[in-house]
>>> print(open('run37.cif').read())   # mmCIF, N, CA and C atoms
data_start
#
loop_
_atom_site.label_atom_id
_atom_site.label_comp_id
_atom_site.auth_asym_id
_atom_site.auth_seq_id
_atom_site.Cartn_x
_atom_site.Cartn_y
_atom_site.Cartn_z
N MET A 8 31.07 7.89 -19.92
CA MET A 8 32.27 8.42 -20.55
C MET A 8 32.17 9.95 -20.59
N ASN A 9 33.25 10.63 -20.28
CA ASN A 9 33.28 12.09 -20.30
C ASN A 9 34.27 12.58 -21.33
N ILE A 10 34.00 13.75 -21.86
CA ILE A 10 34.93 14.39 -22.80
C ILE A 10 35.32 15.74 -22.21
N ARG A 11 36.61 16.01 -22.18
CA ARG A 11 37.11 17.34 -21.80
C ARG A 11 37.66 17.97 -23.07
N PRO A 12 37.00 19.03 -23.56
CA PRO A 12 37.48 19.68 -24.77
C PRO A 12 38.89 20.24 -24.58
N LEU A 13 39.67 20.21 -25.64
CA LEU A 13 41.03 20.75 -25.60
C LEU A 13 41.05 22.17 -26.15
N GLY A 14 41.98 22.95 -25.66
CA GLY A 14 42.15 24.32 -26.16
C GLY A 14 40.92 25.17 -25.91
N ASP A 15 40.57 25.95 -26.93
CA ASP A 15 39.46 26.89 -26.79
C ASP A 15 38.13 26.30 -27.28
N ARG A 16 38.00 24.99 -27.21
CA ARG A 16 36.78 24.34 -27.69
C ARG A 16 35.75 24.19 -26.56
N VAL A 17 34.48 24.11 -26.99
CA VAL A 17 33.36 23.99 -26.08
C VAL A 17 32.53 22.80 -26.53
N LEU A 18 32.14 21.93 -25.61
CA LEU A 18 31.28 20.79 -25.93
C LEU A 18 29.84 21.21 -25.70
N ILE A 19 29.01 21.04 -26.73
CA ILE A 19 27.64 21.54 -26.70
C ILE A 19 26.66 20.44 -27.06
N GLU A 20 25.55 20.38 -26.34
CA GLU A 20 24.45 19.49 -26.68
C GLU A 20 23.39 20.33 -27.39
N PRO A 21 23.20 20.12 -28.70
CA PRO A 21 22.21 20.91 -29.43
C PRO A 21 20.81 20.71 -28.85
N ILE A 22 20.05 21.79 -28.80
CA ILE A 22 18.67 21.75 -28.34
C ILE A 22 17.79 21.62 -29.57
N GLU A 23 17.11 20.48 -29.67
CA GLU A 23 16.25 20.23 -30.82
C GLU A 23 14.98 21.05 -30.69
N GLU A 24 14.58 21.68 -31.80
CA GLU A 24 13.32 22.41 -31.81
C GLU A 24 12.19 21.41 -31.93
N LYS A 25 11.07 21.75 -31.32
CA LYS A 25 9.92 20.87 -31.36
C LYS A 25 9.33 20.87 -32.77
N ASP A 26 8.88 19.68 -33.20
CA ASP A 26 8.27 19.56 -34.52
C ASP A 26 6.96 20.31 -34.57
N GLN A 27 6.78 21.07 -35.64
CA GLN A 27 5.52 21.74 -35.87
C GLN A 27 4.98 21.27 -37.20
N VAL A 28 3.76 20.83 -37.17
CA VAL A 28 3.13 20.38 -38.40
C VAL A 28 2.16 21.48 -38.81
N VAL A 29 2.41 22.07 -39.97
CA VAL A 29 1.57 23.14 -40.48
C VAL A 29 0.74 22.59 -41.63
N GLY A 30 -0.54 22.67 -41.50
CA GLY A 30 -1.43 22.22 -42.58
C GLY A 30 -1.35 20.73 -42.82
N GLY A 31 -0.93 19.96 -41.83
CA GLY A 31 -0.89 18.51 -41.97
C GLY A 31 0.31 17.99 -42.74
N ILE A 32 1.27 18.86 -43.06
CA ILE A 32 2.47 18.43 -43.81
C ILE A 32 3.54 18.04 -42.81
N ILE A 33 4.07 16.84 -42.95
CA ILE A 33 5.14 16.37 -42.08
C ILE A 33 6.46 16.56 -42.82
N ILE A 34 7.39 17.25 -42.17
CA ILE A 34 8.69 17.54 -42.79
C ILE A 34 9.65 16.41 -42.44
N PRO A 35 10.29 15.78 -43.44
CA PRO A 35 11.23 14.70 -43.15
C PRO A 35 12.47 15.23 -42.43
N ASP A 36 13.13 14.35 -41.66
CA ASP A 36 14.33 14.75 -40.91
C ASP A 36 15.40 15.37 -41.79
N SER A 37 15.55 14.87 -43.01
CA SER A 37 16.60 15.37 -43.89
C SER A 37 16.36 16.82 -44.32
N ALA A 38 15.13 17.31 -44.24
CA ALA A 38 14.81 18.66 -44.67
C ALA A 38 14.77 19.64 -43.50
N LYS A 39 14.88 19.14 -42.28
CA LYS A 39 14.83 20.02 -41.11
C LYS A 39 16.12 20.80 -40.99
N GLU A 40 15.99 22.01 -40.46
CA GLU A 40 17.18 22.83 -40.23
C GLU A 40 17.92 22.33 -39.00
N LYS A 41 19.22 22.56 -39.01
CA LYS A 41 20.02 22.19 -37.85
C LYS A 41 19.66 23.10 -36.68
N PRO A 42 19.76 22.60 -35.45
CA PRO A 42 19.45 23.44 -34.28
C PRO A 42 20.42 24.61 -34.20
N MET A 43 19.91 25.72 -33.75
CA MET A 43 20.74 26.91 -33.63
C MET A 43 21.05 27.24 -32.17
N GLN A 44 20.54 26.44 -31.25
CA GLN A 44 20.81 26.66 -29.83
C GLN A 44 21.37 25.39 -29.23
N GLY A 45 22.13 25.55 -28.17
CA GLY A 45 22.68 24.39 -27.49
C GLY A 45 23.06 24.72 -26.07
N LYS A 46 23.23 23.66 -25.28
CA LYS A 46 23.61 23.80 -23.87
C LYS A 46 25.07 23.41 -23.72
N VAL A 47 25.84 24.24 -23.06
CA VAL A 47 27.27 23.98 -22.84
C VAL A 47 27.42 22.88 -21.80
N LEU A 48 28.09 21.80 -22.19
CA LEU A 48 28.34 20.68 -21.28
C LEU A 48 29.72 20.75 -20.64
N ALA A 49 30.70 21.28 -21.39
CA ALA A 49 32.07 21.37 -20.87
C ALA A 49 32.85 22.39 -21.69
N VAL A 50 33.86 22.98 -21.09
CA VAL A 50 34.74 23.92 -21.78
C VAL A 50 36.18 23.44 -21.64
N GLY A 51 37.01 23.83 -22.59
CA GLY A 51 38.42 23.47 -22.57
C GLY A 51 39.21 24.40 -21.65
N LYS A 52 40.47 24.58 -21.98
CA LYS A 52 41.34 25.43 -21.17
C LYS A 52 42.17 26.28 -22.11
N LYS A 53 41.94 27.60 -22.08
CA LYS A 53 42.70 28.52 -22.93
C LYS A 53 43.87 29.07 -22.14
N VAL A 54 45.02 29.15 -22.79
CA VAL A 54 46.19 29.75 -22.17
C VAL A 54 46.83 30.74 -23.14
N ASP A 55 47.43 31.79 -22.59
CA ASP A 55 48.11 32.76 -23.43
C ASP A 55 49.57 32.34 -23.66
N LYS A 56 50.35 33.19 -24.29
CA LYS A 56 51.74 32.84 -24.65
C LYS A 56 52.62 32.61 -23.42
N GLU A 57 52.28 33.24 -22.31
CA GLU A 57 53.06 33.06 -21.08
C GLU A 57 52.58 31.87 -20.26
N GLY A 58 51.53 31.20 -20.71
CA GLY A 58 51.01 30.05 -19.99
C GLY A 58 49.94 30.38 -18.97
N LYS A 59 49.49 31.65 -18.92
CA LYS A 59 48.44 32.04 -17.99
C LYS A 59 47.09 31.63 -18.56
N GLU A 60 46.23 31.13 -17.68
CA GLU A 60 44.90 30.68 -18.11
C GLU A 60 44.01 31.88 -18.43
N ILE A 61 43.28 31.79 -19.55
CA ILE A 61 42.36 32.83 -19.97
C ILE A 61 40.94 32.32 -19.72
N LYS A 62 40.13 33.15 -19.10
CA LYS A 62 38.78 32.75 -18.74
C LYS A 62 37.88 32.74 -19.99
N PHE A 63 37.02 31.71 -20.08
CA PHE A 63 36.05 31.62 -21.17
C PHE A 63 34.90 32.61 -20.92
N ASP A 64 34.23 33.04 -21.99
CA ASP A 64 33.04 33.88 -21.87
C ASP A 64 31.81 33.04 -21.57
N VAL A 65 31.88 31.73 -21.82
CA VAL A 65 30.76 30.83 -21.54
C VAL A 65 31.18 29.85 -20.45
N LYS A 66 30.17 29.29 -19.78
CA LYS A 66 30.46 28.30 -18.73
C LYS A 66 29.48 27.15 -18.87
N LYS A 67 29.76 26.08 -18.17
CA LYS A 67 28.90 24.90 -18.19
C LYS A 67 27.48 25.30 -17.77
N GLY A 68 26.50 24.85 -18.55
CA GLY A 68 25.10 25.15 -18.26
C GLY A 68 24.53 26.31 -19.06
N ASP A 69 25.39 27.14 -19.68
CA ASP A 69 24.90 28.25 -20.50
C ASP A 69 24.19 27.73 -21.74
N THR A 70 23.18 28.48 -22.20
CA THR A 70 22.53 28.19 -23.47
C THR A 70 23.11 29.18 -24.48
N VAL A 71 23.63 28.66 -25.59
CA VAL A 71 24.34 29.49 -26.56
C VAL A 71 23.71 29.36 -27.94
N LEU A 72 23.99 30.37 -28.77
CA LEU A 72 23.59 30.35 -30.18
C LEU A 72 24.75 29.77 -30.98
N LEU A 73 24.44 28.78 -31.80
CA LEU A 73 25.45 28.09 -32.59
C LEU A 73 25.44 28.58 -34.02
N PRO A 74 26.59 28.50 -34.69
CA PRO A 74 26.59 28.78 -36.12
C PRO A 74 25.85 27.66 -36.85
N LYS A 75 25.20 28.00 -37.96
CA LYS A 75 24.41 27.01 -38.69
C LYS A 75 25.28 25.84 -39.16
N TYR A 76 26.43 26.16 -39.70
CA TYR A 76 27.35 25.12 -40.18
C TYR A 76 28.70 25.36 -39.54
N GLY A 77 28.97 24.66 -38.47
CA GLY A 77 30.25 24.84 -37.81
C GLY A 77 30.45 23.78 -36.75
N GLY A 78 31.66 23.69 -36.30
CA GLY A 78 31.97 22.72 -35.26
C GLY A 78 32.12 21.32 -35.82
N THR A 79 32.38 20.41 -34.92
CA THR A 79 32.56 19.01 -35.28
C THR A 79 31.55 18.19 -34.50
N GLU A 80 30.76 17.39 -35.22
CA GLU A 80 29.76 16.56 -34.57
C GLU A 80 30.41 15.29 -34.04
N VAL A 81 30.11 14.96 -32.78
CA VAL A 81 30.61 13.73 -32.16
C VAL A 81 29.43 13.00 -31.52
N LYS A 82 29.56 11.68 -31.41
CA LYS A 82 28.54 10.90 -30.73
C LYS A 82 29.14 10.36 -29.45
N LEU A 83 28.40 10.52 -28.35
CA LEU A 83 28.84 10.05 -27.05
C LEU A 83 27.64 9.46 -26.34
N ASP A 84 27.72 8.19 -25.99
CA ASP A 84 26.62 7.50 -25.33
C ASP A 84 25.30 7.64 -26.09
N GLY A 85 25.37 7.59 -27.41
CA GLY A 85 24.17 7.67 -28.24
C GLY A 85 23.64 9.08 -28.47
N LYS A 86 24.27 10.10 -27.90
CA LYS A 86 23.83 11.49 -28.09
C LYS A 86 24.72 12.17 -29.12
N LYS A 87 24.10 13.01 -29.95
CA LYS A 87 24.86 13.81 -30.90
C LYS A 87 25.26 15.11 -30.21
N LEU A 88 26.55 15.35 -30.12
CA LEU A 88 27.09 16.56 -29.50
C LEU A 88 27.95 17.29 -30.51
N GLN A 89 28.27 18.56 -30.21
CA GLN A 89 29.13 19.33 -31.10
C GLN A 89 30.29 19.92 -30.32
N LEU A 90 31.47 19.86 -30.93
CA LEU A 90 32.65 20.55 -30.41
C LEU A 90 32.83 21.79 -31.28
N VAL A 91 32.79 22.97 -30.64
CA VAL A 91 32.85 24.24 -31.35
C VAL A 91 33.89 25.12 -30.68
N ARG A 92 34.64 25.86 -31.47
CA ARG A 92 35.56 26.84 -30.89
C ARG A 92 34.74 27.96 -30.26
N GLU A 93 35.20 28.45 -29.13
CA GLU A 93 34.45 29.50 -28.44
C GLU A 93 34.26 30.72 -29.34
N GLU A 94 35.25 31.06 -30.12
CA GLU A 94 35.14 32.24 -30.98
C GLU A 94 34.07 32.07 -32.07
N ASP A 95 33.67 30.84 -32.37
CA ASP A 95 32.64 30.60 -33.38
C ASP A 95 31.23 30.70 -32.84
N LEU A 96 31.08 30.70 -31.50
CA LEU A 96 29.74 30.84 -30.91
C LEU A 96 29.23 32.24 -31.19
N LEU A 97 27.92 32.35 -31.42
CA LEU A 97 27.34 33.63 -31.79
C LEU A 97 26.86 34.46 -30.61
N GLY A 98 26.54 33.79 -29.50
CA GLY A 98 26.07 34.54 -28.34
C GLY A 98 25.59 33.61 -27.24
N VAL A 99 25.33 34.20 -26.08
CA VAL A 99 24.80 33.49 -24.93
C VAL A 99 23.37 33.97 -24.71
N ILE A 100 22.44 33.03 -24.54
CA ILE A 100 21.05 33.39 -24.28
C ILE A 100 20.89 33.54 -22.78
N GLU A 101 20.59 34.76 -22.36
CA GLU A 101 20.41 35.06 -20.94
C GLU A 101 18.95 35.04 -20.61
N LYS A 102 18.61 34.37 -19.52
CA LYS A 102 17.19 34.24 -19.15
C LYS A 102 16.85 35.14 -18.00
#
>>> encode(input="run37.cif", output="structure tokens")
Amino acid sequence: MNIRPLGDRVLIEPIEEKDQVVGGIIIPDSAKEKPMQGKVLAVGKKVDKEGKEIKFDVKKGDTVLLPKYGGTEVKLDGKKLQLVREEDLLGVIEK
């Protein structure tokens, strides 16, 4: 199943940080911070008032910085994904 985001939304797969155990303490899932990075899976289609398409600043495959609390979480094929407005993204990680 595929999702094509509508409008100025971007579909992102959050990148989970690797678990680190410090001093033998295991942190439960409920206390872990939400991921702040994600991979762009798909982008919507932005148009201006005249109907001309506006190019996104991000593209499929980019790694982006996500807001800590933002977007809408969706489940697709057992994966947790996020739909976020492009304007809410904090930046693109360039390698």
>>> atom_distance(input="run37.cif", atom1="atom N of Arg11 of chain A", atom2="atom CA of Gly51 of chain A")
7.7 Å
>>> residues_around(input="run37.cif", residues="segment 63-78 of chain A", least_positions_apart="2", cutoff="5 Å", atoms="all atoms listed in the file", output="list in words")
Met43, Gln44, Gly45, Lys46, Val47, Leu48, Ile61, Glu80, Leu90, Val91, Leu97, Gly98, Val99 and Ile100 of chain A
>>> write_last_selection(input="run37.cif", atoms="N, CA and C atoms", output="PDB file, keeping the file's coordinate frame")
ATOM      1  N   MET A  43      19.910  25.720 -33.750  1.00  0.00           N
ATOM      2  CA  MET A  43      20.740  26.910 -33.630  1.00  0.00           C
ATOM      3  C   MET A  43      21.050  27.240 -32.170  1.00  0.00           C
ATOM      4  N   GLN A  44      20.540  26.440 -31.250  1.00  0.00           N
ATOM      5  CA  GLN A  44      20.810  26.660 -29.830  1.00  0.00           C
ATOM      6  C   GLN A  44      21.370  25.390 -29.230  1.00  0.00           C
ATOM      7  N   GLY A  45      22.130  25.550 -28.170  1.00  0.00           N
ATOM      8  CA  GLY A  45      22.680  24.390 -27.490  1.00  0.00           C
ATOM      9  C   GLY A  45      23.060  24.720 -26.070  1.00  0.00           C
ATOM     10  N   LYS A  46      23.230  23.660 -25.280  1.00  0.00           N
ATOM     11  CA  LYS A  46      23.610  23.800 -23.870  1.00  0.00           C
ATOM     12  C   LYS A  46      25.070  23.410 -23.720  1.00  0.00           C
ATOM     13  N   VAL A  47      25.840  24.240 -23.060  1.00  0.00           N
ATOM     14  CA  VAL A  47      27.270  23.980 -22.840  1.00  0.00           C
ATOM     15  C   VAL A  47      27.420  22.880 -21.800  1.00  0.00           C
ATOM     16  N   LEU A  48      28.090  21.800 -22.190  1.00  0.00           N
ATOM     17  CA  LEU A  48      28.340  20.680 -21.280  1.00  0.00           C
ATOM     18  C   LEU A  48      29.720  20.750 -20.640  1.00  0.00           C
ATOM     19  N   ILE A  61      43.280  31.790 -19.550  1.00  0.00           N
ATOM     20  CA  ILE A  61      42.360  32.830 -19.970  1.00  0.00           C
ATOM     21  C   ILE A  61      40.940  32.320 -19.720  1.00  0.00           C
ATOM     22  N   GLU A  80      30.760  17.390 -35.220  1.00  0.00           N
ATOM     23  CA  GLU A  80      29.760  16.560 -34.570  1.00  0.00           C
ATOM     24  C   GLU A  80      30.410  15.290 -34.040  1.00  0.00           C
ATOM     25  N   LEU A  90      31.470  19.860 -30.930  1.00  0.00           N
ATOM     26  CA  LEU A  90      32.650  20.550 -30.410  1.00  0.00           C
ATOM     27  C   LEU A  90      32.830  21.790 -31.280  1.00  0.00           C
ATOM     28  N   VAL A  91      32.790  22.970 -30.640  1.00  0.00           N
ATOM     29  CA  VAL A  91      32.850  24.240 -31.350  1.00  0.00           C
ATOM     30  C   VAL A  91      33.890  25.120 -30.680  1.00  0.00           C
ATOM     31  N   LEU A  97      27.920  32.350 -31.420  1.00  0.00           N
ATOM     32  CA  LEU A  97      27.340  33.630 -31.790  1.00  0.00           C
ATOM     33  C   LEU A  97      26.860  34.460 -30.610  1.00  0.00           C
ATOM     34  N   GLY A  98      26.540  33.790 -29.500  1.00  0.00           N
ATOM     35  CA  GLY A  98      26.070  34.540 -28.340  1.00  0.00           C
ATOM     36  C   GLY A  98      25.590  33.610 -27.240  1.00  0.00           C
ATOM     37  N   VAL A  99      25.330  34.200 -26.080  1.00  0.00           N
ATOM     38  CA  VAL A  99      24.800  33.490 -24.930  1.00  0.00           C
ATOM     39  C   VAL A  99      23.370  33.970 -24.710  1.00  0.00           C
ATOM     40  N   ILE A 100      22.440  33.030 -24.540  1.00  0.00           N
ATOM     41  CA  ILE A 100      21.050  33.390 -24.280  1.00  0.00           C
ATOM     42  C   ILE A 100      20.890  33.540 -22.780  1.00  0.00           C
TER      43      ILE A 100
END
>>> atom_distance(input="run37.cif", atom1="atom N of Ile10 of chain A", atom2="atom CA of Glu57 of chain A")
27.1 Å
>>> atom_distance(input="run37.cif", atom1="atom CA of Asp84 of chain A", atom2="atom CA of Lys53 of chain A")
26.6 Å
>>> axis_aligned_box(input="run37.cif", around="segment 69-86 of chain A", padding_each_side="4 Å", output="lines of an AutoDock Vina configuration file")
center_x = 27.5
center_y = 18.9
center_z = -29.9
size_x = 18.0
size_y = 30.9
size_z = 28.5
>>> residues_around(input="run37.cif", residues="Lys52 of chain A", least_positions_apart="4", cutoff="8 Å", atoms="only N, CA and C atoms", output="list in words")
Arg11, Pro12, Leu13, Gly14, Asp15, Arg16, Val17, Glu60, Ile61, Lys62 and Phe63 of chain A
>>> select_by_dssp(input="run37.cif", residues="segment 62-99 of chain A", states="strand (DSSP E)", output="PyMOL selection string")
chain A and resi 70-72+79-83+86-92+98-99
>>> closest_residue(input="run37.cif", among="A:Gly58, A:Val50, A:Asn9, A:Ile19", to="Lys87 of chain A", atoms="only N, CA and C atoms")
A:Ile19
